[in-house]
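Student: Please see the structure below; I have some questions.
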Amino acid sequence: MRSGIQLNTNRSIFSIKVVMMLFTVMIGFTCLPFSIPIAAAADTITLTKGTTYQAIDGFGAAANKPVYDLQHTMSTANQSAILDKLFLNSGSNAGLTMIRWEINPYKLSEDSSGIEISYCGWNNCTEDWTTDSHQRWFADQALTRYSAMQFYAVPWSPPSWMKDTATVKGGHLLPARYADYANYVARWVQKYRGDFGYNIKWLSVQNEPDYENPLWATARYYNAEMDSVIGEVDSALTSKGIRSQVKLTSPEATSENVAMNFLNNMPTNKNLVDYVAYHNYGNDNSTLYAETKPKLMTEYNFKDETNNLWDPGNTTYDNQQAIDLAVRIHRALTTGGSNAAKGFLYWWSVGSNESLAQQLINLDTSGGTYATSKVLYAMGNFSRVMRPGYVRIQTVSSNPSLLVVATKINSTSKAQLVVINTSSSDITATVSGFSTSATAASKLKTSATDNLTNMTDVTLVGGSFTQTFSAKSVYSFSEK
């Protein structure tokens with residue numbers, strides 16, 4: 001009797017164990033489909049539309065001398081394709097919205113090519129507005145592709161007759177010519193805005209005033225000189241009735257550190273500066289972003305920072321440059337909260353016969369062909385979705401390898417998001433904070449194998465979606 005009871009008990013215990021094991025296996029299989037997304041999407045990206053920062057001015061690059069070659073050495077078909085690639089806001093085109101324009105300083109005897117001739121002649125400053133045809137042609141072509149194009153104007157040097165060296169290459173502006181120089185740049189802006197109809201929105205007094213070079217137009221300014229010249233230019237713009245139409249920027253120093261030095265040593269006329277303009281060649285100084293004046297990063301390229309060769313055939317290297325540029329843009333747009341930069345400009349929009357990464361599109365003038373750098377596509381990930389006037393909003397990523405920046409359209413509250421995966425691994429994250437009423441967002445991708453590729457729209461559920469971000473890639477999403 002006892003042995004029978006024991007047998008039954010053993011059987012019962014065995015049966016209970018079997019049932020428990022089966023139950024555990026069943027629970028595991030049942031939960032498996034639901035546990036994978038939770039584990040894979042442990043990383044999050046959160047948009048908060050109610051927390052806003054600076055308004056975006058735009059993204060672009062310089063025109064100046066190389067666009068002459070675009071006008072004169074490329075076929076009409078290639079010209080059209082290149083200009084579309086730079087300025088159209090569709091397909092795999094970059095949709096740039098700003099052009100940095102050089103106010104040319106040369107007289108004909110100094111530049112026999114006639115490409116960079118100033119409108120203003122010798123001491124009597126005889127005006128000749130037939131000059132600068134290549135930049136105006138380029139601007140006109142851009143305007144046919146984006147009618148709201150904005151222009152940033154800057155001289156590389158005053159005309160030689162205003163300088164102590166009597167040459168545009170190096171030297172200082174003579175104090176006796178401060179008023180002449182101020183009138184020279186103000187008159188240029190007045191003519192180009194009023195008669196030619198270009199929206200010259202920003203004017204800088206000098207490109208890289210901390211740097212002299214005998215190979216191209218440069219001018220050196222000390223702090224006191226710059227302080228005085230800023231005051232003269234402000235007065236000249238005012239006298240022509242266009243001061244309120246133009247944002248006067250600080251001189252475009254080679255780095256954030258030097259930009260801060262110029263700005264902090266303008267004891268008299270710092271208040272006249274509307275925007276802080278700067279280049280990004282080393283000497284990062286985040287205290288620049290504590291300055292409350294609006295900012296523009298107006299020049300950057302890889303040649304001057306690393307001297308690395310650009311090899312479009314090496315997709316791994318070219319893609320790394322694209323990621324590096326996206327990181328630079330992200331830093332400019334996000335450092336300093338509301339004091340962050342409002343826009344970012346690369347160096348040359350096009351360059352001629354260059355093996356170095358100074359240009360977004362390289363022209364082979366002998367063969368009439370061109371090659372597009374992947375950095376243009378990376379810039380397009382920003383310029384295509386973050387249009388002028390959009391407002392940056394708070395965006396937080398739980399993974400430091402996923403850099404994020406987002407904007408919204410104030411009138412509709414629709415959001416736009418750029419995500420940079422800087423790591424060598426794919427990362428899956430859940431993105432939230434889009435409008436709960438929206439059902440989809442467009443998606444653009446730049447990677448080793450994608451060039452601002454239009455991907456399938458993401459489906460939004462309650463303002464959220466889950467996305468696997470490929471290694472070394474840039475994604476853009478725009479709420480529909």
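Going through the structure tokens in order, the chains are called A, B, and so on, while each chain numbers its residues from 1 and the ligands are numbered from 1 in the order shown.
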Do you know which residues are at most 10 Å from A:Ala406 counting only C-alpha atoms, after dropping those on the same chain fewer than 4 positions away, and could you put them as a list in words?

Tutor: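 Here the qualifying residues turn out to be Thr46, Leu47, Thr48, Lys49, Thr52, Leu333, Thr334, Phe382, Val385, Met386, Tyr390, Val391, Arg392, Ile393, Gln394, Thr395, Val396, Ala415, Gln416, Leu417, Val418, Val419, Ser476, Phe477 and Ser478 of chain A.
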
Student: Pull C-alpha atoms from the residues just selected and write them as a PDB file, in the first residue's frame.

Tutor:
```pdb
ATOM      1  CA  THR A  46      12.817  60.936 -29.170  1.00  0.00           C
ATOM      2  CA  LEU A  47      11.630  64.172 -30.775  1.00  0.00           C
ATOM      3  CA  THR A  48      10.050  66.877 -28.626  1.00  0.00           C
ATOM      4  CA  LYS A  49       8.348  69.439 -30.827  1.00  0.00           C
ATOM      5  CA  THR A  52      12.587  74.693 -29.936  1.00  0.00           C
ATOM      6  CA  LEU A 333      23.640  72.859 -35.710  1.00  0.00           C
ATOM      7  CA  THR A 334      23.407  71.463 -32.179  1.00  0.00           C
ATOM      8  CA  PHE A 382      20.216  68.012 -44.332  1.00  0.00           C
ATOM      9  CA  VAL A 385      14.538  68.148 -45.398  1.00  0.00           C
ATOM     10  CA  MET A 386      15.619  71.190 -43.327  1.00  0.00           C
ATOM     11  CA  TYR A 390      12.269  75.477 -40.288  1.00  0.00           C
ATOM     12  CA  VAL A 391      12.939  75.484 -36.544  1.00  0.00           C
ATOM     13  CA  ARG A 392      15.231  73.034 -34.780  1.00  0.00           C
ATOM     14  CA  ILE A 393      13.529  71.000 -32.070  1.00  0.00           C
ATOM     15  CA  GLN A 394      14.813  68.890 -29.201  1.00  0.00           C
ATOM     16  CA  THR A 395      15.957  65.416 -30.221  1.00  0.00           C
ATOM     17  CA  VAL A 396      17.517  62.844 -27.905  1.00  0.00           C
ATOM     18  CA  ALA A 415       8.841  67.226 -38.260  1.00  0.00           C
ATOM     19  CA  GLN A 416      12.058  66.357 -40.103  1.00  0.00           C
ATOM     20  CA  LEU A 417      14.822  64.167 -38.686  1.00  0.00           C
ATOM     21  CA  VAL A 418      18.436  63.424 -39.675  1.00  0.00           C
ATOM     22  CA  VAL A 419      20.161  60.405 -38.118  1.00  0.00           C
ATOM     23  CA  SER A 476      16.647  61.739 -43.374  1.00  0.00           C
ATOM     24  CA  PHE A 477      12.972  61.468 -42.525  1.00  0.00           C
ATOM     25  CA  SER A 478      10.281  64.019 -43.351  1.00  0.00           C
TER      26      SER A 478
END
```

Student: When DSSP works through the backbone of this structure, what residues of stretch 142-381 of chain A end up as strand (DSSP E), shown as a ChimeraX atom specification?

Tutor: /A:150-155,200-204,247-249,276-279,295-299,341-352,359-364,369-372

Student: Skipping near chain neighbours, those fewer than 4 positions away, what residues fall within 9 Å of stretch 249-260 of chain A using only C-alpha atoms, listed as a count of residues only?

Tutor: 39

Student: Could you tell me how far atom CA of A:Ala142 sits from atom CA of A:Thr446, in Å to one decimal place?

Tutor: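 So the two atoms, atom CA of A:Thr446 and atom CA of A:Ala142, lie 23.4 Å apart.
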
Student: Can you list, as a ChimeraX atom specification, every protein, DNA or RNA residue that comes within 7 Å of A:Ala371 when you count only C-alpha atoms, leaving out same-chain residues fewer than 2 positions away?

Tutor: /A:361-363,373

Student: Convert the current residue selection to file output with N, CA and C atoms, as a PDB file, in the first residue's frame.

Tutor:
```pdb
ATOM      1  N   ILE A 361      31.381  68.883 -56.445  1.00  0.00           N
ATOM      2  CA  ILE A 361      31.400  68.223 -57.759  1.00  0.00           C
ATOM      3  C   ILE A 361      32.681  68.633 -58.471  1.00  0.00           C
ATOM      4  N   ASN A 362      33.425  67.661 -58.985  1.00  0.00           N
ATOM      5  CA  ASN A 362      34.692  67.931 -59.646  1.00  0.00           C
ATOM      6  C   ASN A 362      34.515  67.912 -61.161  1.00  0.00           C
ATOM      7  N   LEU A 363      35.062  68.928 -61.829  1.00  0.00           N
ATOM      8  CA  LEU A 363      34.979  69.043 -63.276  1.00  0.00           C
ATOM      9  C   LEU A 363      36.283  68.605 -63.928  1.00  0.00           C
ATOM     10  N   SER A 373      31.113  64.112 -55.482  1.00  0.00           N
ATOM     11  CA  SER A 373      31.607  63.592 -54.212  1.00  0.00           C
ATOM     12  C   SER A 373      30.437  63.177 -53.335  1.00  0.00           C
TER      13      SER A 373
END
```

Student: Which of these, A:Asn353, A:Thr466, A:Thr372, A:Ser338, has the shortest distance to A:Ala55 once you count only C-alpha atoms?

Tutor: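 When distances to A:Ala55 are compared using only C-alpha atoms, the smallest one comes from A:Ser338.
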
Student: Would you mind listing what lies within 10 Å of A:Ala63 as JSON, numbers by chain, with only C-alpha atoms counted and same-chain residues fewer than 2 positions away left out?

Tutor: {"A": [60, 61, 65, 66, 67, 68, 99, 100, 101, 102, 134, 135, 136, 138, 139, 347, 348, 349, 350, 351]}

Student: Restrict the selected residues to N, CA and C atoms and save them as a PDB file, in the first residue's frame.

Tutor:
```
ATOM      1  N   GLY A  60      24.662  75.330 -48.235  1.00  0.00           N
ATOM      2  CA  GLY A  60      25.125  75.673 -49.567  1.00  0.00           C
ATOM      3  C   GLY A  60      26.624  75.562 -49.721  1.00  0.00           C
ATOM      4  N   ALA A  61      27.161  76.293 -50.708  1.00  0.00           N
ATOM      5  CA  ALA A  61      28.590  76.256 -51.017  1.00  0.00           C
ATOM      6  C   ALA A  61      28.935  77.506 -51.811  1.00  0.00           C
ATOM      7  N   LYS A  65      35.500  81.510 -58.562  1.00  0.00           N
ATOM      8  CA  LYS A  65      36.168  81.258 -59.842  1.00  0.00           C
ATOM      9  C   LYS A  65      35.814  79.937 -60.537  1.00  0.00           C
ATOM     10  N   PRO A  66      35.734  78.790 -59.856  1.00  0.00           N
ATOM     11  CA  PRO A  66      35.522  77.535 -60.580  1.00  0.00           C
ATOM     12  C   PRO A  66      34.222  77.452 -61.385  1.00  0.00           C
ATOM     13  N   VAL A  67      33.202  78.246 -61.042  1.00  0.00           N
ATOM     14  CA  VAL A  67      31.969  78.139 -61.832  1.00  0.00           C
ATOM     15  C   VAL A  67      32.170  78.691 -63.245  1.00  0.00           C
ATOM     16  N   TYR A  68      33.266  79.440 -63.460  1.00  0.00           N
ATOM     17  CA  TYR A  68      33.622  79.863 -64.824  1.00  0.00           C
ATOM     18  C   TYR A  68      33.826  78.630 -65.703  1.00  0.00           C
ATOM     19  N   ILE A  99      24.107  80.313 -51.636  1.00  0.00           N
ATOM     20  CA  ILE A  99      25.330  80.438 -52.428  1.00  0.00           C
ATOM     21  C   ILE A  99      26.209  81.511 -51.792  1.00  0.00           C
ATOM     22  N   ARG A 100      27.470  81.175 -51.591  1.00  0.00           N
ATOM     23  CA  ARG A 100      28.457  82.142 -51.085  1.00  0.00           C
ATOM     24  C   ARG A 100      29.161  82.761 -52.283  1.00  0.00           C
ATOM     25  N   TRP A 101      29.093  84.070 -52.367  1.00  0.00           N
ATOM     26  CA  TRP A 101      29.499  84.807 -53.558  1.00  0.00           C
ATOM     27  C   TRP A 101      30.730  85.641 -53.252  1.00  0.00           C
ATOM     28  N   GLU A 102      31.736  85.577 -54.112  1.00  0.00           N
ATOM     29  CA  GLU A 102      32.925  86.408 -53.928  1.00  0.00           C
ATOM     30  C   GLU A 102      32.737  87.769 -54.574  1.00  0.00           C
ATOM     31  N   HIS A 134      30.400  85.073 -64.732  1.00  0.00           N
ATOM     32  CA  HIS A 134      30.295  83.644 -64.418  1.00  0.00           C
ATOM     33  C   HIS A 134      29.493  83.403 -63.146  1.00  0.00           C
ATOM     34  N   GLN A 135      29.722  84.207 -62.106  1.00  0.00           N
ATOM     35  CA  GLN A 135      28.964  84.012 -60.869  1.00  0.00           C
ATOM     36  C   GLN A 135      27.503  84.397 -61.063  1.00  0.00           C
ATOM     37  N   ARG A 136      27.249  85.427 -61.863  1.00  0.00           N
ATOM     38  CA  ARG A 136      25.870  85.815 -62.119  1.00  0.00           C
ATOM     39  C   ARG A 136      25.146  84.758 -62.945  1.00  0.00           C
ATOM     40  N   PHE A 138      25.823  81.572 -62.862  1.00  0.00           N
ATOM     41  CA  PHE A 138      25.607  80.472 -61.924  1.00  0.00           C
ATOM     42  C   PHE A 138      24.410  80.778 -61.018  1.00  0.00           C
ATOM     43  N   ALA A 139      24.330  82.025 -60.537  1.00  0.00           N
ATOM     44  CA  ALA A 139      23.220  82.427 -59.678  1.00  0.00           C
ATOM     45  C   ALA A 139      21.893  82.341 -60.429  1.00  0.00           C
ATOM     46  N   TRP A 347      32.968  74.508 -49.075  1.00  0.00           N
ATOM     47  CA  TRP A 347      33.824  75.401 -49.848  1.00  0.00           C
ATOM     48  C   TRP A 347      33.298  75.444 -51.276  1.00  0.00           C
ATOM     49  N   TRP A 348      34.010  74.956 -52.275  1.00  0.00           N
ATOM     50  CA  TRP A 348      33.556  75.075 -53.651  1.00  0.00           C
ATOM     51  C   TRP A 348      32.338  74.201 -53.925  1.00  0.00           C
ATOM     52  N   SER A 349      31.375  74.763 -54.626  1.00  0.00           N
ATOM     53  CA  SER A 349      30.271  73.947 -55.135  1.00  0.00           C
ATOM     54  C   SER A 349      30.786  73.053 -56.258  1.00  0.00           C
ATOM     55  N   VAL A 350      31.584  73.634 -57.153  1.00  0.00           N
ATOM     56  CA  VAL A 350      32.282  72.841 -58.176  1.00  0.00           C
ATOM     57  C   VAL A 350      33.748  73.251 -58.156  1.00  0.00           C
ATOM     58  N   GLY A 351      34.625  72.310 -58.502  1.00  0.00           N
ATOM     59  CA  GLY A 351      36.052  72.582 -58.623  1.00  0.00           C
ATOM     60  C   GLY A 351      36.561  71.981 -59.911  1.00  0.00           C
TER      61      GLY A 351
END
```

Student: A:Ala148, A:Ser401, A:Ser411, A:Asp132: which is nearest A:Ile427, counting only C-alpha atoms?

Tutor: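 Among A:Ala148, A:Ser401, A:Ser411, A:Asp132, it is A:Ser401 that comes nearest to A:Ile427.
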
Student: Which of these, A:Asn183, A:Thr430, A:Thr456, A:Asn89, has the shortest distance to A:Val229 once you count only C-alpha atoms?

Tutor: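 Ranked by minimum distance to A:Val229, first place goes to A:Asn183.
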
Student: Could you name the residues that touch stretch 184-193 of chain A at 10 Å or less, counting only C-alpha atoms, but leaving out those on the same chain fewer than 6 positions away, as a ChimeraX atom specification?

Tutor: /A:103,118-120,125,127,129,136,151,153-155,158-159,178,199-205,233-243,245-246

Student: Quick one: of A:Pro267, A:Gly343, A:Gly121, A:Gly171, who's nearest to A:His330, counting only C-alpha atoms?

Tutor: A:Gly343

Student: Could you tell me, as a tab-separated table (two decimals) with C-alpha atoms, in the first residue's frame, which residues of stretch 46-127 of chain A DSSP assigns to alpha helix (DSSP H) when given the backbone?

Tutor:
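Generated output (result_5.tsv):
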```tsv
chain	number	residue	atom	x	y	z
A	67	VAL	CA	31.97	78.14	-61.83
A	68	TYR	CA	33.62	79.86	-64.82
A	69	ASP	CA	34.77	76.40	-65.94
A	70	LEU	CA	31.28	75.01	-65.43
A	71	GLN	CA	29.94	77.72	-67.73
A	72	HIS	CA	32.64	77.44	-70.40
A	73	THR	CA	33.99	73.86	-70.49
A	76	THR	CA	24.83	72.06	-71.92
A	77	ALA	CA	23.63	68.61	-70.87
A	78	ASN	CA	26.34	68.28	-68.21
A	79	GLN	CA	25.78	71.83	-67.00
A	80	SER	CA	22.11	71.05	-66.51
A	81	ALA	CA	22.83	67.76	-64.72
A	82	ILE	CA	25.35	69.42	-62.37
A	83	LEU	CA	23.09	72.34	-61.54
A	84	ASP	CA	20.17	69.97	-60.95
A	85	LYS	CA	22.37	67.89	-58.65
A	86	LEU	CA	23.24	70.96	-56.59
A	87	PHE	CA	19.93	72.80	-56.39
```
